[in-house]
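Asker: model.pdb is reproduced in full below (PDB, C-alpha atoms).
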```
ATOM      1  CA  MET A   1      86.855 -57.749  69.392
ATOM      2  CA  GLY A   2      88.597 -57.623  66.008
ATOM      3  CA  ALA A   3      90.924 -60.461  67.000
ATOM      4  CA  LYS A   4      87.927 -62.611  67.949
ATOM      5  CA  ILE A   5      86.293 -61.961  64.582
ATOM      6  CA  ILE A   6      89.503 -62.906  62.773
ATOM      7  CA  LYS A   7      89.764 -66.122  64.789
ATOM      8  CA  ILE A   8      86.168 -67.025  63.923
ATOM      9  CA  ILE A   9      86.874 -66.509  60.229
ATOM     10  CA  GLU A  10      90.103 -68.536  60.496
ATOM     11  CA  ASN A  11      88.064 -71.402  61.919
ATOM     12  CA  LEU A  12      85.578 -71.028  59.073
ATOM     13  CA  LEU A  13      88.456 -71.329  56.639
ATOM     14  CA  ILE A  14      89.495 -74.612  58.245
ATOM     15  CA  ILE A  15      85.947 -75.949  57.871
ATOM     16  CA  VAL A  16      85.709 -74.708  54.300
ATOM     17  CA  ASN A  17      88.934 -76.525  53.384
ATOM     18  CA  TYR A  18      87.063 -79.780  53.965
ATOM     19  CA  ASN A  19      83.506 -79.003  52.960
ATOM     20  CA  LEU A  20      83.506 -76.531  50.056
ATOM     21  CA  GLY A  21      85.262 -76.141  46.747
ATOM     22  CA  ASN A  22      87.950 -73.682  45.745
ATOM     23  CA  CYS A  23      85.450 -70.849  45.272
ATOM     24  CA  GLY A  24      84.277 -71.075  48.881
ATOM     25  CA  LYS A  25      87.844 -71.229  50.168
ATOM     26  CA  MET A  26      88.851 -68.125  48.240
ATOM     27  CA  VAL A  27      85.870 -66.143  49.569
ATOM     28  CA  ILE A  28      86.772 -66.921  53.192
ATOM     29  CA  PHE A  29      90.457 -66.264  52.487
ATOM     30  CA  ALA A  30      89.726 -62.852  50.956
ATOM     31  CA  VAL A  31      87.578 -61.775  53.913
ATOM     32  CA  THR A  32      90.164 -62.928  56.452
ATOM     33  CA  ILE A  33      93.078 -61.210  54.742
ATOM     34  CA  THR A  34      91.111 -57.960  54.512
ATOM     35  CA  LEU A  35      90.509 -58.029  58.266
ATOM     36  CA  TYR A  36      94.153 -58.778  58.965
ATOM     37  CA  ASP A  37      95.491 -55.674  57.301
ATOM     38  CA  LYS A  38      93.524 -52.840  55.749
ATOM     39  CA  LYS A  39      96.610 -51.850  53.741
ATOM     40  CA  ASN A  40      96.097 -54.976  51.688
ATOM     41  CA  THR A  41      93.072 -53.424  50.018
ATOM     42  CA  MET A  42      95.454 -51.504  47.715
ATOM     43  CA  HIS A  43      96.047 -52.786  44.204
ATOM     44  CA  PRO A  44      98.965 -55.305  44.032
ATOM     45  CA  LEU A  45     100.668 -53.051  41.456
ATOM     46  CA  ASP A  46      99.973 -49.830  43.330
ATOM     47  CA  LYS A  47     103.671 -48.910  43.519
ATOM     48  CA  PHE A  48     104.186 -49.352  39.773
ATOM     49  CA  LEU A  49     103.439 -45.842  38.493
ATOM     50  CA  TYR A  50     105.061 -45.978  35.056
ATOM     51  CA  CYS A  51     104.683 -48.412  32.185
ATOM     52  CA  PRO A  52     107.726 -50.757  32.195
ATOM     53  CA  ALA A  53     107.549 -51.002  28.400
ATOM     54  CA  CYS A  54     107.436 -47.339  27.321
ATOM     55  CA  GLY A  55     107.755 -45.313  30.548
ATOM     56  CA  SER A  56     104.336 -43.658  30.201
ATOM     57  CA  ARG A  57     102.664 -42.239  33.302
ATOM     58  CA  ARG A  58      99.338 -43.449  31.898
ATOM     59  CA  PHE A  59      99.791 -46.905  33.447
ATOM     60  CA  VAL A  60      96.343 -47.485  34.938
ATOM     61  CA  VAL A  61      94.448 -50.225  36.767
ATOM     62  CA  ASN A  62      93.038 -52.730  34.293
ATOM     63  CA  ASN A  63      91.448 -55.193  36.760
ATOM     64  CA  VAL A  64      92.078 -56.509  40.279
ATOM     65  CA  LYS A  65      95.477 -57.975  39.372
ATOM     66  CA  SER A  66      96.728 -56.040  36.349
ATOM     67  CA  LYS A  67      97.637 -52.618  35.010
ATOM     68  CA  HIS A  68      97.403 -51.424  31.399
ATOM     69  CA  CYS A  69      99.309 -48.715  29.537
ATOM     70  CA  GLU A  70      96.953 -46.354  27.697
ATOM     71  CA  ASP A  71      99.774 -45.258  25.392
ATOM     72  CA  CYS A  72     101.561 -48.411  24.163
ATOM     73  CA  GLY A  73      98.938 -51.020  25.103
ATOM     74  CA  PHE A  74     101.221 -53.061  27.391
ATOM     75  CA  THR A  75      99.379 -55.017  30.128
ATOM     76  CA  TYR A  76     101.076 -56.477  33.185
ATOM     77  CA  TYR A  77      99.509 -59.083  35.499
ATOM     78  CA  ALA A  78     100.585 -59.570  39.131
ATOM     79  CA  ASN A  79     100.128 -63.338  39.330
ATOM     80  CA  PRO A  80     100.852 -65.198  42.596
ATOM     81  CA  SER A  81     104.432 -66.221  43.329
ATOM     82  CA  SER A  82     105.082 -69.884  44.093
ATOM     83  CA  ALA A  83     106.427 -70.738  47.552
ATOM     84  CA  THR A  84     107.005 -73.915  49.552
ATOM     85  CA  ALA A  85     107.101 -75.004  53.186
ATOM     86  CA  ALA A  86     108.060 -78.347  54.721
ATOM     87  CA  PHE A  87     106.764 -80.428  57.609
ATOM     88  CA  ILE A  88     110.052 -82.170  58.401
ATOM     89  CA  VAL A  89     109.266 -84.996  60.826
ATOM     90  CA  ARG A  90     111.414 -87.467  62.784
ATOM     91  CA  PRO A  91     110.244 -91.002  63.678
ATOM     92  CA  ASP A  92     109.614 -89.855  67.275
ATOM     93  CA  GLY A  93     107.009 -87.378  66.006
ATOM     94  CA  CYS A  94     109.031 -84.189  66.492
ATOM     95  CA  LEU A  95     108.634 -81.463  63.858
ATOM     96  CA  LEU A  96     111.558 -79.308  62.709
ATOM     97  CA  VAL A  97     110.690 -75.606  62.918
ATOM     98  CA  ALA A  98     112.778 -72.511  62.249
ATOM     99  CA  ARG A  99     112.903 -69.145  63.961
ATOM    100  CA  ARG A 100     112.721 -66.394  61.361
ATOM    101  CA  ALA A 101     115.898 -64.321  61.039
ATOM    102  CA  GLN A 102     114.359 -61.692  58.762
ATOM    103  CA  GLU A 103     111.199 -59.631  58.430
ATOM    104  CA  PRO A 104     108.344 -60.144  57.981
ATOM    105  CA  ALA A 105     107.543 -61.756  61.342
ATOM    106  CA  LYS A 106     111.187 -61.762  62.452
ATOM    107  CA  GLY A 107     111.725 -63.834  65.596
ATOM    108  CA  THR A 108     108.572 -65.936  65.231
ATOM    109  CA  LEU A 109     108.429 -69.610  64.376
ATOM    110  CA  ASP A 110     108.198 -70.807  60.792
ATOM    111  CA  LEU A 111     108.424 -73.920  58.669
ATOM    112  CA  VAL A 112     111.499 -74.425  56.529
ATOM    113  CA  GLY A 113     110.798 -73.147  53.028
ATOM    114  CA  GLY A 114     110.799 -70.187  50.673
ATOM    115  CA  PHE A 115     110.128 -69.006  47.152
ATOM    116  CA  VAL A 116     110.507 -71.240  44.114
ATOM    117  CA  ASP A 117     113.166 -70.021  41.685
ATOM    118  CA  MET A 118     112.721 -69.715  37.935
ATOM    119  CA  ASP A 119     113.105 -73.027  36.066
ATOM    120  CA  GLU A 120     112.472 -75.031  39.271
ATOM    121  CA  ASP A 121     109.483 -77.230  39.936
ATOM    122  CA  MET A 122     107.873 -77.165  43.383
ATOM    123  CA  GLU A 123     109.753 -80.232  44.603
ATOM    124  CA  GLN A 124     113.126 -78.885  43.473
ATOM    125  CA  GLY A 125     112.439 -75.557  45.138
ATOM    126  CA  MET A 126     111.397 -77.304  48.349
ATOM    127  CA  LEU A 127     114.515 -79.486  48.503
ATOM    128  CA  ARG A 128     116.802 -76.524  47.719
ATOM    129  CA  GLU A 129     115.270 -74.434  50.533
ATOM    130  CA  ILE A 130     115.735 -77.342  52.942
ATOM    131  CA  ARG A 131     119.421 -77.617  51.974
ATOM    132  CA  GLU A 132     119.956 -73.865  52.288
ATOM    133  CA  GLU A 133     118.247 -73.460  55.662
ATOM    134  CA  THR A 134     119.131 -76.753  57.385
ATOM    135  CA  GLY A 135     121.983 -78.435  55.490
ATOM    136  CA  LEU A 136     119.838 -81.562  55.118
ATOM    137  CA  CYS A 137     119.855 -83.292  51.729
ATOM    138  CA  LEU A 138     116.463 -84.948  51.369
ATOM    139  CA  ALA A 139     114.550 -86.552  48.525
ATOM    140  CA  THR A 140     110.972 -87.173  47.363
ATOM    141  CA  PRO A 141     108.951 -84.692  49.438
ATOM    142  CA  GLN A 142     105.269 -85.667  49.702
ATOM    143  CA  TYR A 143     102.813 -82.961  48.610
ATOM    144  CA  LEU A 144     100.091 -82.237  51.172
ATOM    145  CA  PHE A 145      98.076 -79.108  50.280
ATOM    146  CA  THR A 146      98.271 -75.482  49.117
ATOM    147  CA  ILE A 147      97.203 -72.251  50.832
ATOM    148  CA  PRO A 148      97.097 -68.748  49.265
ATOM    149  CA  ASN A 149      98.851 -66.055  51.273
ATOM    150  CA  LEU A 150      99.928 -62.406  51.382
ATOM    151  CA  TYR A 151     103.614 -61.699  52.040
ATOM    152  CA  GLU A 152     104.968 -58.253  52.942
ATOM    153  CA  TYR A 153     108.284 -57.475  51.235
ATOM    154  CA  SER A 154     109.985 -54.140  50.485
ATOM    155  CA  GLY A 155     106.818 -52.254  51.326
ATOM    156  CA  MET A 156     104.735 -54.316  48.922
ATOM    157  CA  THR A 157     102.091 -56.967  49.467
ATOM    158  CA  ILE A 158     103.065 -60.027  47.421
ATOM    159  CA  HIS A 159     100.370 -62.573  46.640
ATOM    160  CA  THR A 160     101.783 -66.078  47.012
ATOM    161  CA  LEU A 161     100.602 -69.649  46.591
ATOM    162  CA  ASP A 162     102.224 -71.706  49.357
ATOM    163  CA  ALA A 163     102.621 -75.451  48.741
ATOM    164  CA  PHE A 164     103.178 -77.636  51.814
ATOM    165  CA  PHE A 165     105.148 -80.889  51.781
ATOM    166  CA  LEU A 166     105.846 -83.712  54.225
ATOM    167  CA  CYS A 167     109.475 -84.850  54.562
ATOM    168  CA  GLN A 168     110.529 -87.811  56.685
ATOM    169  CA  VAL A 169     114.031 -87.798  58.205
ATOM    170  CA  GLU A 170     116.045 -90.223  60.313
ATOM    171  CA  GLN A 171     115.993 -89.909  64.103
ATOM    172  CA  ASP A 172     119.662 -88.884  64.145
ATOM    173  CA  ALA A 173     119.287 -86.138  61.507
ATOM    174  CA  GLU A 174     121.383 -83.107  62.464
ATOM    175  CA  PRO A 175     120.138 -79.902  60.813
ATOM    176  CA  HIS A 176     122.106 -76.671  61.182
ATOM    177  CA  ALA A 177     120.451 -73.254  60.909
ATOM    178  CA  ALA A 178     121.538 -71.093  57.964
ATOM    179  CA  ASP A 179     120.231 -68.565  55.437
ATOM    180  CA  ASP A 180     116.850 -67.189  56.648
ATOM    181  CA  ALA A 181     116.717 -69.422  59.742
ATOM    182  CA  ALA A 182     118.066 -67.878  62.973
ATOM    183  CA  GLU A 183     117.760 -71.220  64.767
ATOM    184  CA  LEU A 184     116.171 -74.626  64.317
ATOM    185  CA  LEU A 185     114.085 -76.446  66.914
ATOM    186  CA  TRP A 186     112.646 -79.955  67.206
ATOM    187  CA  ILE A 187     109.170 -79.649  68.742
ATOM    188  CA  PRO A 188     106.914 -82.600  69.658
ATOM    189  CA  ARG A 189     103.761 -82.411  67.529
ATOM    190  CA  GLU A 190     101.500 -82.367  70.593
ATOM    191  CA  GLU A 191     103.328 -79.257  71.854
ATOM    192  CA  LEU A 192     102.940 -77.242  68.647
ATOM    193  CA  ASP A 193     101.282 -73.853  69.193
ATOM    194  CA  PRO A 194     100.065 -72.331  65.899
ATOM    195  CA  SER A 195      99.933 -68.853  67.480
ATOM    196  CA  GLN A 196     103.751 -68.894  67.710
ATOM    197  CA  PHE A 197     104.037 -68.988  63.908
ATOM    198  CA  GLY A 198     104.182 -65.470  62.509
ATOM    199  CA  LEU A 199     102.989 -65.941  58.928
ATOM    200  CA  TRP A 200      99.276 -66.398  58.270
ATOM    201  CA  SER A 201      99.456 -69.320  55.844
ATOM    202  CA  ILE A 202     101.946 -71.156  58.074
ATOM    203  CA  ARG A 203      99.604 -70.865  61.082
ATOM    204  CA  GLN A 204      96.764 -72.248  58.999
ATOM    205  CA  ALA A 205      98.965 -75.082  57.761
ATOM    206  CA  VAL A 206     100.144 -76.045  61.267
ATOM    207  CA  GLU A 207      96.545 -76.126  62.505
ATOM    208  CA  ARG A 208      95.556 -78.306  59.564
ATOM    209  CA  PHE A 209      98.574 -80.573  60.134
ATOM    210  CA  GLN A 210      97.585 -81.062  63.788
ATOM    211  CA  ARG A 211      93.961 -81.698  62.877
ATOM    212  CA  ASP A 212      94.857 -84.253  60.190
ATOM    213  CA  LEU A 213      97.015 -86.113  62.700
ATOM    214  CA  LEU A 214      94.152 -86.105  65.201
ATOM    215  CA  LEU A 215      91.734 -87.476  62.614
ATOM    216  CA  LYS A 216      94.173 -90.276  61.725
ATOM    217  CA  THR A 217      94.584 -91.098  65.415
ATOM    218  CA  VAL A 218      90.813 -91.307  65.913
ATOM    219  CA  LYS A 219      90.444 -93.600  62.910
TER     220      LYS A 219
END
```
Is it possible to express this structure as structure tokens?
Answerer:
Amino acid sequence: MGAKIIKIIENLLIIVNYNLGNCGKMVIFAVTITLYDKKNTMHPLDKFLYCPACGSRRFVVNNVKSKHCEDCGFTYYANPSSATAAFIVRPDGCLLVARRAQEPAKGTLDLVGGFVDMDEDMEQGMLREIREETGLCLATPQYLFTIPNLYEYSGMTIHTLDAFFLCQVEQDAEPHAADDAAELLWIPREELDPSQFGLWSIRQAVERFQRDLLLKTVK
């Protein structure tokens, strides 16, 4: 029953992406994430017990994304981390997907991508991740859309903002799996199954990618 409810809310999120503003999208996103994992109701800085500035134990919740030290006055905000993911497409319509080599969601399908490093812009981070995971040296990725996400790492729930890009490659492109990718697969777009993708935002993105293609075909 719970899985059905989650699926209904996921579908609502897809509709909201087209018909409501950012406020509506965030409401649906928050409800869906809560249903996915009750552990995510904890404060994002729950594991930070001591003030990083003075070491005080009086490091308390200030609001939904920050903690404040009652002794030295230091306030720390857990803002979302920037991440990227790429729809790498050949002229024949096949999409390059990776199989995750690491947790979370080890063994499931994923898009090539990862976190943006300090002093990088989104495009630079995207192209670096593509080089690291596939060996492909691409240029000028096309921005598509952004989806907020929750990412489990080292026992913590990291809030991320995942930016998705479209990258066109030649038919004879030869990627080689490396870094966080256990293997790379070319999958025809009509055979894509979003349920095979382990991360929530990636599933949403693949569904949206398929739907956008369908709308373009109908037009």
Asker: With all atoms listed in the file as the atoms that count, which of A:Gly125, A:Gly107, A:Pro141, A:Pro148 lies nearest to A:Glu183?
Answerer: A:Gly107
Asker: Nearest residue to A:Pro175 out of A:Ala101, A:Leu95, A:Leu136, A:Met122, using all atoms listed in the file?
Answerer: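 When distances to A:Pro175 are compared using all atoms listed in the file, the smallest one comes from A:Leu136.
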Asker: A:Phe87: which residues within 8 Å, counting all atoms listed in the file, same-chain residues fewer than 5 positions away excluded, as a CSV table (one decimal) with C-alpha atoms, keeping the file's coordinate frame?
Answerer:
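Ended up saving to selection-v5.csv:
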```csv
chain,number,residue,atom,x,y,z
A,95,LEU,CA,108.6,-81.5,63.9
A,96,LEU,CA,111.6,-79.3,62.7
A,111,LEU,CA,108.4,-73.9,58.7
A,112,VAL,CA,111.5,-74.4,56.5
A,164,PHE,CA,103.2,-77.6,51.8
A,165,PHE,CA,105.1,-80.9,51.8
A,166,LEU,CA,105.8,-83.7,54.2
A,167,CYS,CA,109.5,-84.8,54.6
```
Asker: Need the shell around A:Ser82: protein/DNA/RNA residues with any atom at most 9 Å away, counting only C-alpha atoms. Skip same-chain ones fewer than 6 positions apart. Format as a list in words?
Answerer: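 Counting only the stated atoms, we get Gly114, Phe115, Val116, Asp117, Met122, Thr160, Leu161, Asp162 and Ala163 of chain A.
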Asker: Between A:Gly73, A:Pro44, A:Pro80, A:Gly93, which residue has the minimum interatomic distance to A:Glu190, considering only C-alpha atoms?
Answerer: A:Gly93
Asker: I'd like to know which of A:Pro104, A:Gly113, A:Gly155, A:Pro188 is closest to A:Arg131, using all atoms listed in the file.
Answerer: A:Gly113
Asker: Contacts of A:Glu123 at 9 Å or less, counting all atoms listed in the file, minus same-chain residues fewer than 2 places along, as a VMD selection string?
Answerer: chain A and resid 84 120 to 121 125 to 128 139 to 143 165
Asker: Convert the output of the PyMOL selection byres ((chain A and resi 202) around 12) on the shown file into explicit residues, formatted as a ChimeraX atom specification.
Answerer: /A:83-87,97-98,105,108-114,145-151,161-164,193-201,203-209
Asker: Select all residues near (105.0, -48.4, 32.2) (cut-off 10 Å, inclusive, file coordinates), counting all atoms listed in the file, and output them as a short mmCIF file (atom, residue, chain, number, x, y, z; two decimals) with C-alpha atoms, in the frame of the given file.
Answerer:
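See out_24.cif below for the written result:
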```cif
data_model
loop_
_atom_site.label_atom_id
_atom_site.label_comp_id
_atom_site.auth_asym_id
_atom_site.auth_seq_id
_atom_site.Cartn_x
_atom_site.Cartn_y
_atom_site.Cartn_z
CA PHE A 48 104.19 -49.35 39.77
CA LEU A 49 103.44 -45.84 38.49
CA TYR A 50 105.06 -45.98 35.06
CA CYS A 51 104.68 -48.41 32.18
CA PRO A 52 107.73 -50.76 32.20
CA ALA A 53 107.55 -51.00 28.40
CA CYS A 54 107.44 -47.34 27.32
CA GLY A 55 107.76 -45.31 30.55
CA SER A 56 104.34 -43.66 30.20
CA ARG A 57 102.66 -42.24 33.30
CA ARG A 58 99.34 -43.45 31.90
CA PHE A 59 99.79 -46.90 33.45
CA VAL A 60 96.34 -47.48 34.94
CA LYS A 67 97.64 -52.62 35.01
CA HIS A 68 97.40 -51.42 31.40
CA CYS A 69 99.31 -48.72 29.54
CA GLU A 70 96.95 -46.35 27.70
CA ASP A 71 99.77 -45.26 25.39
CA CYS A 72 101.56 -48.41 24.16
CA GLY A 73 98.94 -51.02 25.10
CA PHE A 74 101.22 -53.06 27.39
CA THR A 75 99.38 -55.02 30.13
CA TYR A 76 101.08 -56.48 33.18
#
```
Asker: Rounded to one decimal, what separation in Å do you get between atom CA of A:Thr134 and atom CA of A:Ala181?
Answerer: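 Between these atoms lies a distance of 8.1 Å.
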Asker: Quick one: pull the distance between atom CA of A:Glu133 and atom CA of A:Asp119, Å, one decimal.
Answerer: 20.3 Å
Asker: Counting only C-alpha atoms, what is within 9 Å of A:Tyr153, bar same-chain residues fewer than 3 positions away, as a PyMOL selection string?
Answerer: chain A and resi 103-104+156-158
Asker: Between A:Leu185, A:Leu192, A:Cys137, A:Ala173, which has the minimum distance to A:Pro91 (counting all atoms listed in the file)?
Answerer: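 That would be A:Ala173, the residue with the smallest distance to A:Pro91.
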Asker: Between A:His159, A:Asn62, A:Gln210, A:Glu191, which has the minimum distance to A:Asn79 (counting only C-alpha atoms)?
Answerer: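 Of all the options, A:His159 lies closest to A:Asn79.
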